[in-house]
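Novice: Below are the structure tokens for one structure; questions will follow.
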Amino acid sequence: MTYVARKFGFFIATLWAVVTLNFLIPRLQPGDPAEIMVKRLAGKDAALDPAQVKAMRAMLGAPDGSLWNQYVTYLGELVHGNFGLSYTYYPYSVTEVIGQAFWWTVVLVVFTQVVSFVVGVVLGAYAAWRRNSRLDSVVTLGSTFLGTLQPFWIGLLLLYVFGYTVGWFPTSGGYEEATPGFNWPFIQEAVSHSFLPALALLIVTPIGWILGMRNTMIMNLGEDYIRLAKAKGLPDRHVALKYAARNALLPSVTGFALALGGVLGGAILVETVFDYPGLGRLMGEAVENKDYPLLQTLMLLTTAGVLVANLAADLLYGVLDPRARRAEG
Amino acid sequence: MTLLDVRDLSVRYEPKASRPLDAVQEVSFAIEPGEFVGLIGESGSGKTTLGTALLRLLQRPGRISGGSITFDGTDITALHEDDLRSLRWRDVSTVFQSSMNSLNPVVRVEAQFRDAIEHHSSLRGEAVTRRVRELFDMVIIDPKFMTAFPHELSGGMRQRVNLALALALDPKFILLDEPTTGLDVVVQHSILENVRRLQSEQGFAVLFISHDIGTVLDLSDRILVMYAGRIVEDQSAGALLREPLHPYTKGLLGSYGDPRAETVKITYVPGRPPDLSLDIVGCSFAPRCPERIDLCLEKTPPLEPLNGGRAACHVAALQRRDGGAERFGEPKRGFVGPQFVKTGDESRSALTNEVVLSVEHVSKVFERRRGFTVTRTEAVSDVSFELRRGEVTALVGQSGSGKSTLAKMITGVESPSQGRIVFHGPQGDKLVSGFKGRALRDYRSDVQMVFQDPYSSINPAKRLGYVLSRPLANYQGLRGEQLRERVLELLERVALTPADRFVNRYGYELSGGQRQRVIIAKALAVQPDIIVADEPISSLDVSIRAEVLELLSDLVKESDVGILYITHDLLSARMLSDEVIVLNGGKVVEHGPTLDVIRDPQDDYTRTLLEAIPNPF
């Protein structure tokens, strides 16, 4: 119980620190966003008209008052889920913009991460158990080769072959004519649009899990409890799964939770290549357009995602590894 | 019918990167049902490899390269794993050396019994639980620990659980591979008692592998002695004790003595075991053997029947032939190599030298803070004693007795919670209390330490000359020719001669005893007033321990350094120290001149420690 409470305590404290930094950093930067906006609209060399700046500030809802007051207001807005307006998609609010992209990314990346993890861990465990077998060599060498490739590059290749040359899959976007929502035509379109980006990710992401699992498992195979399990005359399957893989899985589980946390950052390059309407593409746009409110919110979302994942990993570890509960609890 | 019959068994390791190595060479022996056989050997003798081969658990690059293993009439040397599986645990079980790790850390203890029991028997469900409870009773553990995870058990309890696990299916044969190494002496004692009782009740056969001849002698019917991959002697325990045949066995026996005797002599075997990846001509023990004759260097002695047992020694065989005694001398019972002698008079020297450090009513309380709760543990409680120049004080106690905490306070790393420690140095008195930074560095030239493990405390990438020159350059600012001279002097002082040859060698080229000499030389480099030696011999092979004890003893005689010797072994305390302090639970339970404490122990704990010393004589 204390273990859980402690982990929650750390979570809350870190989250607060992240939120505060997210508030402070833009305010410590020189320059006034309203002035920058006006300059951008009017051209670099145009003289600044105070009236324009004031109008812009009003439009952006730029805060004033002391830093402390701003901070309190900021926290209040956060609680109400109000993150301001996006410059790029003006007059839509950041919440609306992100809300649209959110599910695209979550479905695509969570799906590929889960599949990659399962495939990776199973292959890695098998390769370790049958070390130096043909399958192990194929898996290890193949992984090392594919691991050097980048998903966006594979994406370009897939796009060229299956999008343009063969024309089996659409080349950009998330859907075409269907109305977004829970209806058959839309799901069909979304799946066919997501297929290539998912494939691009699926070719590369399992590799980390394969190699990681293989290494930990090989290390665990040298442990005395494995030797004892063999001396007990248990069937190989039992030793491999209940003794070796069960222990080797522990670090991978933590890694997996963290990887899921990173999902909210989106797969920027892959989404950009496929013009996929997810958070990654959105982040690319926000950077390009100096869309501070959007960028800041995406950052906040990403860090919060990592923090939640971290918490989940810690709690899960406590369940999976009885030693963690006592050692830190 | 013979239960286990091993014939000409050889095990070869063929690593890709280095020369192949025959870890076990043509070993033959048999074990009868219900027999308790001990296998003694020191590190690197191949005893664990032999055990692993018997269980058919060798892993690449190791493999059985010759000979056969027959268990209960079945040749298992090359038996397929599937057929082997039905034999495992039901007939042959084991307790491993480092049983700290031999339980699956993420599974409750009971489940680890359950999988073995269910796989090999028809017991299921509640019946398995009952069986596990019965087994827990046998090894005297509260059955409430059945649902515990391994890390929730103490080392001793884990080892008992492993023993219970080995007994789960009433096997015919159990291999015990150093089952109590690393455990506290008192715990070791009670576990081995337990093993002996269960063996006589249930009648399983045992091969008990250990480096500790004392425990092996205590428990076994028959003893095999292994050296450099071969069995060099095979005798019943009684005969081995009365008339050891092989000089190596004599050396092992000679490493022990009775600490209560007026004069205690312990011997040591100089040198180190051979490198098994090189071809050895003649007897592999010959280079270290004091009884060696020319034949030993030419021809490998076979393991031949001798005196009702077997031995692989030319000299022993020749001496026992008709008329052999005249040509080769009477058989010698003891080891005729170097020995370290301590007389009662030496031990009785009055404690009159100048006091160099006084510990006055020192206590140490550790606080562990977690959230709002603070746990206090009193590691040391109201301890007082004095260290004198040119004398050795032994601090004896088991793990957790507070001896390491006390050592940390004396070396200035921790500060006492109560009381004070005063160092009476040449520059006047100094209050020792948790030094930091520069003060700690300065204090290091007054007090030096020698640690337990000589294998990891020498930088393997540097030559000995460099290793020894560092403290000299750092603390005494020596340079150039002066520095070199001093390094050679240090090597001479710890008897690493000729010194100019050792200067250019690396730590890993030396034997354990020689390494510990280097560590001692390093400690001496800064000319300290006090040396704190924390279990300096406990990681060394028994046959070379006296070598280091003798060196420390000579140092004290020749200089005015005061030594605090920390140990759990009363025999070495007797050999080395003038005064003994026995610590238990942070308190001094016994304190006095060494002979008095050892001959007339007042505390139960001291008596248990004394009983734990193997006494082959």
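FYI, nothing fancy with the structure tokens labels: chains A, B, ... in order, residues from 1 per chain, ligands from 1 as they appear.
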Given a cut-off of 10 Å, which residues of chain A touch chain B, counting only C-alpha atoms, written out as a ChimeraX atom specification?
Specialist: /A:2,6,222-236,238,242-244,246-247,250,319-323,326-329
Novice: Mind checking which residues fall within 9 Å of Phe256 in chain A, counting only C-alpha atoms, ignoring those fewer than 3 positions away in the same chain, and posting them as JSON, numbers by chain?
Specialist: {"A": [113, 114, 117, 209, 251, 252, 253, 259, 260, 261, 309, 313]}
Novice: Please extract the residues of range 67-124 of chain A with a backbone DSSP assignment of alpha helix (DSSP H) and present them as a compact mmCIF listing (two decimals) with all heavy atoms, in the first residue's frame.
Specialist:
# COMPACT_ATOMS: atom_id res chain seq x y z
N LEU A 67 3.16 37.83 -12.67
CA LEU A 67 3.44 36.44 -13.02
C LEU A 67 2.60 35.49 -12.16
O LEU A 67 2.06 34.49 -12.63
CB LEU A 67 4.94 36.17 -12.80
CG LEU A 67 5.51 35.04 -13.64
CD1 LEU A 67 5.34 35.33 -15.11
CD2 LEU A 67 6.97 34.80 -13.29
N TRP A 68 2.47 35.84 -10.89
CA TRP A 68 1.72 34.98 -9.96
C TRP A 68 0.26 34.88 -10.38
O TRP A 68 -0.31 33.80 -10.44
CB TRP A 68 1.86 35.51 -8.54
CG TRP A 68 1.03 34.74 -7.56
CD1 TRP A 68 -0.08 35.18 -6.90
CD2 TRP A 68 1.20 33.38 -7.17
NE1 TRP A 68 -0.59 34.20 -6.11
CE2 TRP A 68 0.17 33.07 -6.26
CE3 TRP A 68 2.14 32.37 -7.52
CZ2 TRP A 68 0.04 31.81 -5.67
CZ3 TRP A 68 2.00 31.12 -6.93
CH2 TRP A 68 0.97 30.84 -6.02
N ASN A 69 -0.32 36.09 -10.72
CA ASN A 69 -1.72 36.08 -11.16
C ASN A 69 -1.89 35.25 -12.42
O ASN A 69 -2.85 34.48 -12.56
CB ASN A 69 -2.20 37.51 -11.43
CG ASN A 69 -2.48 38.23 -10.12
OD1 ASN A 69 -2.70 37.57 -9.09
ND2 ASN A 69 -2.42 39.55 -10.16
N GLN A 70 -0.93 35.44 -13.32
CA GLN A 70 -0.99 34.66 -14.57
C GLN A 70 -0.97 33.17 -14.28
O GLN A 70 -1.69 32.40 -14.89
CB GLN A 70 0.22 35.01 -15.46
CG GLN A 70 0.10 36.35 -16.12
CD GLN A 70 1.30 36.58 -17.02
OE1 GLN A 70 1.85 35.67 -17.62
NE2 GLN A 70 1.71 37.84 -17.12
N TYR A 71 -0.09 32.81 -13.32
CA TYR A 71 0.07 31.39 -12.97
C TYR A 71 -1.24 30.82 -12.45
O TYR A 71 -1.69 29.75 -12.85
CB TYR A 71 1.18 31.27 -11.93
CG TYR A 71 1.52 29.85 -11.55
CD1 TYR A 71 1.89 28.91 -12.52
CD2 TYR A 71 1.47 29.44 -10.22
CE1 TYR A 71 2.21 27.62 -12.17
CE2 TYR A 71 1.78 28.15 -9.86
CZ TYR A 71 2.16 27.23 -10.84
OH TYR A 71 2.47 25.96 -10.49
N VAL A 72 -1.88 31.60 -11.54
CA VAL A 72 -3.14 31.14 -10.97
C VAL A 72 -4.19 30.99 -12.07
O VAL A 72 -4.89 29.98 -12.16
CB VAL A 72 -3.60 32.10 -9.87
CG1 VAL A 72 -5.00 31.74 -9.39
CG2 VAL A 72 -2.62 32.09 -8.71
N THR A 73 -4.26 32.00 -12.95
CA THR A 73 -5.22 31.94 -14.05
C THR A 73 -4.96 30.72 -14.92
O THR A 73 -5.86 29.96 -15.29
CB THR A 73 -5.11 33.21 -14.93
OG1 THR A 73 -4.82 34.31 -14.09
CG2 THR A 73 -6.37 33.44 -15.71
N TYR A 74 -3.66 30.53 -15.21
CA TYR A 74 -3.24 29.42 -16.06
C TYR A 74 -3.69 28.08 -15.48
O TYR A 74 -4.31 27.26 -16.17
CB TYR A 74 -1.72 29.48 -16.18
CG TYR A 74 -1.05 28.28 -16.82
CD1 TYR A 74 -1.04 28.10 -18.19
CD2 TYR A 74 -0.38 27.36 -16.03
CE1 TYR A 74 -0.41 27.02 -18.77
CE2 TYR A 74 0.26 26.26 -16.60
CZ TYR A 74 0.25 26.11 -17.97
OH TYR A 74 0.88 25.03 -18.53
N LEU A 75 -3.43 27.92 -14.18
CA LEU A 75 -3.83 26.66 -13.54
C LEU A 75 -5.35 26.48 -13.63
O LEU A 75 -5.86 25.40 -13.93
CB LEU A 75 -3.39 26.62 -12.08
CG LEU A 75 -1.88 26.43 -11.85
CD1 LEU A 75 -1.59 26.34 -10.36
CD2 LEU A 75 -1.37 25.18 -12.54
N GLY A 76 -6.07 27.60 -13.39
CA GLY A 76 -7.54 27.56 -13.47
C GLY A 76 -7.99 27.10 -14.84
O GLY A 76 -8.85 26.23 -14.99
N GLU A 77 -7.38 27.70 -15.88
CA GLU A 77 -7.76 27.34 -17.25
C GLU A 77 -7.47 25.87 -17.54
O GLU A 77 -8.24 25.18 -18.18
CB GLU A 77 -6.98 28.22 -18.25
CG GLU A 77 -7.27 29.71 -18.15
CD GLU A 77 -8.67 30.08 -18.64
OE1 GLU A 77 -9.18 29.37 -19.52
OE2 GLU A 77 -9.24 31.05 -18.12
N LEU A 78 -6.31 25.42 -17.03
CA LEU A 78 -5.93 24.02 -17.24
C LEU A 78 -6.98 23.08 -16.68
O LEU A 78 -7.40 22.12 -17.32
CB LEU A 78 -4.60 23.72 -16.55
CG LEU A 78 -3.31 23.99 -17.29
CD1 LEU A 78 -2.16 23.30 -16.59
CD2 LEU A 78 -3.41 23.48 -18.72
N VAL A 79 -7.42 23.42 -15.45
CA VAL A 79 -8.40 22.56 -14.79
C VAL A 79 -9.67 22.47 -15.63
O VAL A 79 -10.29 21.42 -15.74
CB VAL A 79 -8.68 23.08 -13.37
CG1 VAL A 79 -9.87 22.36 -12.77
CG2 VAL A 79 -7.45 22.91 -12.51
N VAL A 94 -7.45 25.03 -29.18
CA VAL A 94 -6.45 23.96 -29.17
C VAL A 94 -7.10 22.62 -28.83
O VAL A 94 -6.81 21.59 -29.43
CB VAL A 94 -5.33 24.31 -28.18
CG1 VAL A 94 -4.44 23.10 -27.92
CG2 VAL A 94 -4.51 25.47 -28.70
N THR A 95 -8.02 22.68 -27.86
CA THR A 95 -8.67 21.45 -27.43
C THR A 95 -9.38 20.77 -28.59
O THR A 95 -9.28 19.57 -28.79
CB THR A 95 -9.69 21.76 -26.32
OG1 THR A 95 -9.13 22.76 -25.49
CG2 THR A 95 -10.03 20.53 -25.52
N GLU A 96 -10.07 21.59 -29.40
CA GLU A 96 -10.80 21.00 -30.54
C GLU A 96 -9.83 20.40 -31.55
O GLU A 96 -10.03 19.28 -32.03
CB GLU A 96 -11.65 22.07 -31.21
CG GLU A 96 -12.91 22.40 -30.45
CD GLU A 96 -13.58 23.66 -31.03
OE1 GLU A 96 -12.94 24.73 -31.00
OE2 GLU A 96 -14.71 23.54 -31.52
N VAL A 97 -8.78 21.15 -31.85
CA VAL A 97 -7.82 20.69 -32.85
C VAL A 97 -7.19 19.37 -32.41
O VAL A 97 -7.12 18.40 -33.17
CB VAL A 97 -6.72 21.76 -33.06
CG1 VAL A 97 -5.65 21.22 -34.00
CG2 VAL A 97 -7.34 23.02 -33.63
N ILE A 98 -6.74 19.36 -31.14
CA ILE A 98 -6.09 18.14 -30.65
C ILE A 98 -7.09 16.99 -30.57
O ILE A 98 -6.79 15.84 -30.92
CB ILE A 98 -5.43 18.39 -29.28
CG1 ILE A 98 -4.22 19.29 -29.48
CG2 ILE A 98 -5.02 17.08 -28.63
CD1 ILE A 98 -3.46 19.60 -28.23
N GLY A 99 -8.31 17.32 -30.13
CA GLY A 99 -9.34 16.30 -29.99
C GLY A 99 -9.57 15.54 -31.29
O GLY A 99 -9.77 14.32 -31.28
N GLN A 100 -9.48 16.26 -32.42
CA GLN A 100 -9.69 15.58 -33.70
C GLN A 100 -8.54 14.64 -34.04
O GLN A 100 -8.76 13.55 -34.53
CB GLN A 100 -9.83 16.64 -34.81
CG GLN A 100 -11.24 17.16 -34.88
CD GLN A 100 -11.38 18.18 -35.98
OE1 GLN A 100 -10.47 18.41 -36.76
NE2 GLN A 100 -12.56 18.81 -36.02
N ALA A 101 -7.31 15.10 -33.76
CA ALA A 101 -6.15 14.31 -34.16
C ALA A 101 -5.90 13.15 -33.20
O ALA A 101 -5.35 12.12 -33.57
CB ALA A 101 -4.90 15.20 -34.22
N PHE A 102 -6.31 13.35 -31.95
CA PHE A 102 -5.97 12.44 -30.87
C PHE A 102 -6.23 10.98 -31.20
O PHE A 102 -5.35 10.13 -31.16
CB PHE A 102 -6.74 12.87 -29.62
CG PHE A 102 -6.38 12.09 -28.39
CD1 PHE A 102 -5.19 12.34 -27.73
CD2 PHE A 102 -7.23 11.11 -27.89
CE1 PHE A 102 -4.86 11.64 -26.60
CE2 PHE A 102 -6.89 10.40 -26.76
CZ PHE A 102 -5.70 10.68 -26.11
N TRP A 103 -7.49 10.68 -31.59
CA TRP A 103 -7.85 9.27 -31.76
C TRP A 103 -7.13 8.61 -32.92
O TRP A 103 -6.83 7.44 -32.90
CB TRP A 103 -9.36 9.11 -31.86
CG TRP A 103 -9.98 9.44 -30.54
CD1 TRP A 103 -10.73 10.53 -30.22
CD2 TRP A 103 -9.84 8.67 -29.34
NE1 TRP A 103 -11.06 10.51 -28.90
CE2 TRP A 103 -10.54 9.39 -28.32
CE3 TRP A 103 -9.19 7.49 -29.01
CZ2 TRP A 103 -10.59 8.93 -27.01
CZ3 TRP A 103 -9.26 7.03 -27.72
CH2 TRP A 103 -9.95 7.75 -26.73
N TRP A 104 -6.87 9.42 -33.96
CA TRP A 104 -6.13 8.86 -35.09
C TRP A 104 -4.80 8.28 -34.62
O TRP A 104 -4.43 7.16 -34.94
CB TRP A 104 -5.89 9.94 -36.16
CG TRP A 104 -7.14 10.28 -36.90
CD1 TRP A 104 -7.93 11.37 -36.70
CD2 TRP A 104 -7.75 9.51 -37.94
NE1 TRP A 104 -9.00 11.35 -37.55
CE2 TRP A 104 -8.92 10.21 -38.33
CE3 TRP A 104 -7.43 8.31 -38.58
CZ2 TRP A 104 -9.76 9.74 -39.32
CZ3 TRP A 104 -8.26 7.86 -39.58
CH2 TRP A 104 -9.42 8.56 -39.94
N THR A 105 -4.10 9.10 -33.86
CA THR A 105 -2.79 8.65 -33.40
C THR A 105 -2.90 7.50 -32.42
O THR A 105 -2.18 6.50 -32.51
CB THR A 105 -2.04 9.83 -32.75
OG1 THR A 105 -1.69 10.75 -33.75
CG2 THR A 105 -0.79 9.35 -32.04
N VAL A 106 -3.81 7.68 -31.46
CA VAL A 106 -3.90 6.66 -30.41
C VAL A 106 -4.19 5.30 -31.03
O VAL A 106 -3.52 4.31 -30.73
CB VAL A 106 -4.96 7.04 -29.37
CG1 VAL A 106 -5.28 5.86 -28.48
CG2 VAL A 106 -4.45 8.20 -28.54
N VAL A 107 -5.14 5.25 -31.96
CA VAL A 107 -5.47 3.96 -32.55
C VAL A 107 -4.29 3.39 -33.33
O VAL A 107 -3.87 2.26 -33.13
CB VAL A 107 -6.72 4.07 -33.45
CG1 VAL A 107 -6.91 2.79 -34.24
CG2 VAL A 107 -7.94 4.38 -32.60
N LEU A 108 -3.68 4.25 -34.17
CA LEU A 108 -2.57 3.76 -35.00
C LEU A 108 -1.39 3.31 -34.14
O LEU A 108 -0.90 2.19 -34.26
CB LEU A 108 -2.11 4.86 -35.96
CG LEU A 108 -0.86 4.51 -36.78
CD1 LEU A 108 -1.17 3.46 -37.82
CD2 LEU A 108 -0.26 5.76 -37.42
N VAL A 109 -0.93 4.20 -33.27
CA VAL A 109 0.32 3.90 -32.57
C VAL A 109 0.11 2.87 -31.47
O VAL A 109 0.94 1.98 -31.30
CB VAL A 109 0.98 5.19 -32.04
CG1 VAL A 109 2.35 4.89 -31.48
CG2 VAL A 109 1.09 6.22 -33.14
N VAL A 110 -0.99 2.95 -30.75
CA VAL A 110 -1.21 1.95 -29.70
C VAL A 110 -1.32 0.56 -30.33
O VAL A 110 -0.70 -0.39 -29.86
CB VAL A 110 -2.48 2.28 -28.88
CG1 VAL A 110 -2.86 1.09 -28.00
CG2 VAL A 110 -2.24 3.50 -28.03
N PHE A 111 -2.06 0.49 -31.43
CA PHE A 111 -2.19 -0.80 -32.09
C PHE A 111 -0.82 -1.35 -32.51
O PHE A 111 -0.45 -2.47 -32.18
CB PHE A 111 -3.10 -0.67 -33.32
CG PHE A 111 -3.13 -1.90 -34.18
CD1 PHE A 111 -3.87 -3.01 -33.79
CD2 PHE A 111 -2.40 -1.96 -35.36
CE1 PHE A 111 -3.89 -4.15 -34.57
CE2 PHE A 111 -2.41 -3.09 -36.14
CZ PHE A 111 -3.16 -4.19 -35.74
N THR A 112 -0.03 -0.51 -33.19
CA THR A 112 1.26 -1.02 -33.66
C THR A 112 2.18 -1.35 -32.48
O THR A 112 2.92 -2.32 -32.53
CB THR A 112 1.97 -0.02 -34.59
OG1 THR A 112 1.95 1.26 -33.96
CG2 THR A 112 1.28 0.07 -35.92
N GLN A 113 2.13 -0.53 -31.42
CA GLN A 113 3.00 -0.81 -30.28
C GLN A 113 2.65 -2.14 -29.62
O GLN A 113 3.53 -2.92 -29.28
CB GLN A 113 2.90 0.31 -29.23
CG GLN A 113 3.64 1.57 -29.60
CD GLN A 113 5.15 1.41 -29.57
OE1 GLN A 113 5.65 0.36 -29.18
NE2 GLN A 113 5.87 2.42 -30.01
N VAL A 114 1.35 -2.37 -29.45
CA VAL A 114 0.94 -3.61 -28.78
C VAL A 114 1.36 -4.81 -29.63
O VAL A 114 1.97 -5.76 -29.13
CB VAL A 114 -0.58 -3.62 -28.52
CG1 VAL A 114 -1.03 -5.00 -28.07
CG2 VAL A 114 -0.92 -2.58 -27.48
N VAL A 115 1.07 -4.73 -30.93
CA VAL A 115 1.43 -5.86 -31.79
C VAL A 115 2.95 -6.06 -31.81
O VAL A 115 3.44 -7.17 -31.66
CB VAL A 115 0.89 -5.65 -33.23
CG1 VAL A 115 1.44 -6.71 -34.16
CG2 VAL A 115 -0.62 -5.67 -33.21
N SER A 116 3.68 -4.94 -31.92
CA SER A 116 5.15 -5.05 -31.94
C SER A 116 5.66 -5.70 -30.67
O SER A 116 6.55 -6.54 -30.70
CB SER A 116 5.78 -3.66 -32.02
OG SER A 116 5.37 -3.01 -33.17
N PHE A 117 5.10 -5.27 -29.54
CA PHE A 117 5.57 -5.80 -28.26
C PHE A 117 5.36 -7.30 -28.18
O PHE A 117 6.27 -8.06 -27.86
CB PHE A 117 4.84 -5.09 -27.12
CG PHE A 117 5.23 -5.60 -25.76
CD1 PHE A 117 6.47 -5.28 -25.23
CD2 PHE A 117 4.38 -6.38 -25.02
CE1 PHE A 117 6.85 -5.75 -23.99
CE2 PHE A 117 4.75 -6.86 -23.77
CZ PHE A 117 5.99 -6.54 -23.26
N VAL A 118 4.14 -7.72 -28.52
CA VAL A 118 3.84 -9.14 -28.42
C VAL A 118 4.73 -9.95 -29.36
O VAL A 118 5.39 -10.91 -28.95
CB VAL A 118 2.34 -9.40 -28.73
CG1 VAL A 118 2.06 -10.89 -28.80
CG2 VAL A 118 1.48 -8.72 -27.67
N VAL A 119 4.79 -9.50 -30.62
CA VAL A 119 5.62 -10.22 -31.59
C VAL A 119 7.07 -10.22 -31.13
O VAL A 119 7.75 -11.26 -31.13
CB VAL A 119 5.51 -9.54 -32.98
CG1 VAL A 119 6.55 -10.11 -33.93
CG2 VAL A 119 4.12 -9.75 -33.54
N GLY A 120 7.55 -9.06 -30.70
CA GLY A 120 8.95 -8.92 -30.31
C GLY A 120 9.32 -9.81 -29.15
O GLY A 120 10.33 -10.52 -29.18
N VAL A 121 8.48 -9.79 -28.11
CA VAL A 121 8.79 -10.56 -26.91
C VAL A 121 8.77 -12.06 -27.20
O VAL A 121 9.66 -12.80 -26.79
CB VAL A 121 7.80 -10.18 -25.79
CG1 VAL A 121 7.79 -11.22 -24.73
CG2 VAL A 121 8.17 -8.83 -25.21
N VAL A 122 7.78 -12.48 -27.96
CA VAL A 122 7.68 -13.91 -28.27
C VAL A 122 8.88 -14.37 -29.11
O VAL A 122 9.55 -15.34 -28.78
CB VAL A 122 6.35 -14.22 -29.00
CG1 VAL A 122 6.36 -15.64 -29.54
CG2 VAL A 122 5.19 -14.01 -28.05
N LEU A 123 9.17 -13.59 -30.15
CA LEU A 123 10.31 -13.96 -31.00
C LEU A 123 11.62 -13.92 -30.23
O LEU A 123 12.46 -14.81 -30.34
CB LEU A 123 10.41 -12.99 -32.19
CG LEU A 123 9.66 -13.37 -33.45
CD1 LEU A 123 9.92 -12.34 -34.54
CD2 LEU A 123 10.09 -14.75 -33.93
N GLY A 124 11.78 -12.88 -29.42
CA GLY A 124 13.00 -12.72 -28.64
C GLY A 124 13.19 -13.89 -27.69
O GLY A 124 14.28 -14.47 -27.59
Novice: Expressed in Å to a single decimal, how great is the separation between CA of Cys289 in chain B and CA of Asp275 in chain B?
Specialist: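 Spanning CA of Cys289 in chain B to CA of Asp275 in chain B is a straight-line distance of 16.2 Å.
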Novice: For CA of Thr181 in chain B and CA of Ser68 in chain B, quote the distance in Å rounded to one decimal.
Specialist: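 Here the two named atoms are 29.5 Å from each other.
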Novice: Find the residues around range 214-222 of chain B up to 6 Å (only C-alpha atoms counted), leave out those fewer than 3 positions away in its own chain, and share them as a list in words.
Specialist: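 In the requested form, the answer reads Phe36, Val37, Gly38, Gln235, Ser236, Ala237 and Pro614 of chain B.
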Novice: Could you write those residues out with N, CA and C atoms, as a compact mmCIF listing (two decimals), in the first residue's frame?
Specialist:
# COMPACT_ATOMS: atom_id res chain seq x y z
N PHE B 36 27.07 -41.83 2.32
CA PHE B 36 27.31 -40.39 2.38
C PHE B 36 28.77 -40.16 1.99
N VAL B 37 28.98 -39.65 0.77
CA VAL B 37 30.34 -39.48 0.28
C VAL B 37 30.67 -38.00 0.17
N GLY B 38 31.83 -37.63 0.69
CA GLY B 38 32.27 -36.24 0.59
C GLY B 38 33.23 -36.08 -0.56
N GLN B 235 39.26 -42.47 0.47
CA GLN B 235 39.39 -43.29 1.68
C GLN B 235 38.16 -43.09 2.55
N SER B 236 37.95 -44.02 3.47
CA SER B 236 36.88 -43.80 4.44
C SER B 236 37.31 -42.65 5.34
N ALA B 237 36.33 -41.95 5.89
CA ALA B 237 36.63 -40.74 6.65
C ALA B 237 37.62 -41.04 7.77
N PRO B 614 36.42 -26.95 12.47
CA PRO B 614 36.67 -28.36 12.25
C PRO B 614 37.94 -28.76 12.97
Novice: Using only C-alpha atoms, which protein or nucleic acid residues come within 10 Å of Asp534 in chain B? Drop anything in the same chain fewer than 3 positions from it, and give the result as number ranges by chain.
Specialist: B: 395, 403-404, 407, 449-453, 531, 537-538, 564-567
Novice: To one decimal place, how far is CA of Asp8 in chain B from CA of Ile69 in chain B in Å?
Specialist: 8.9 Å
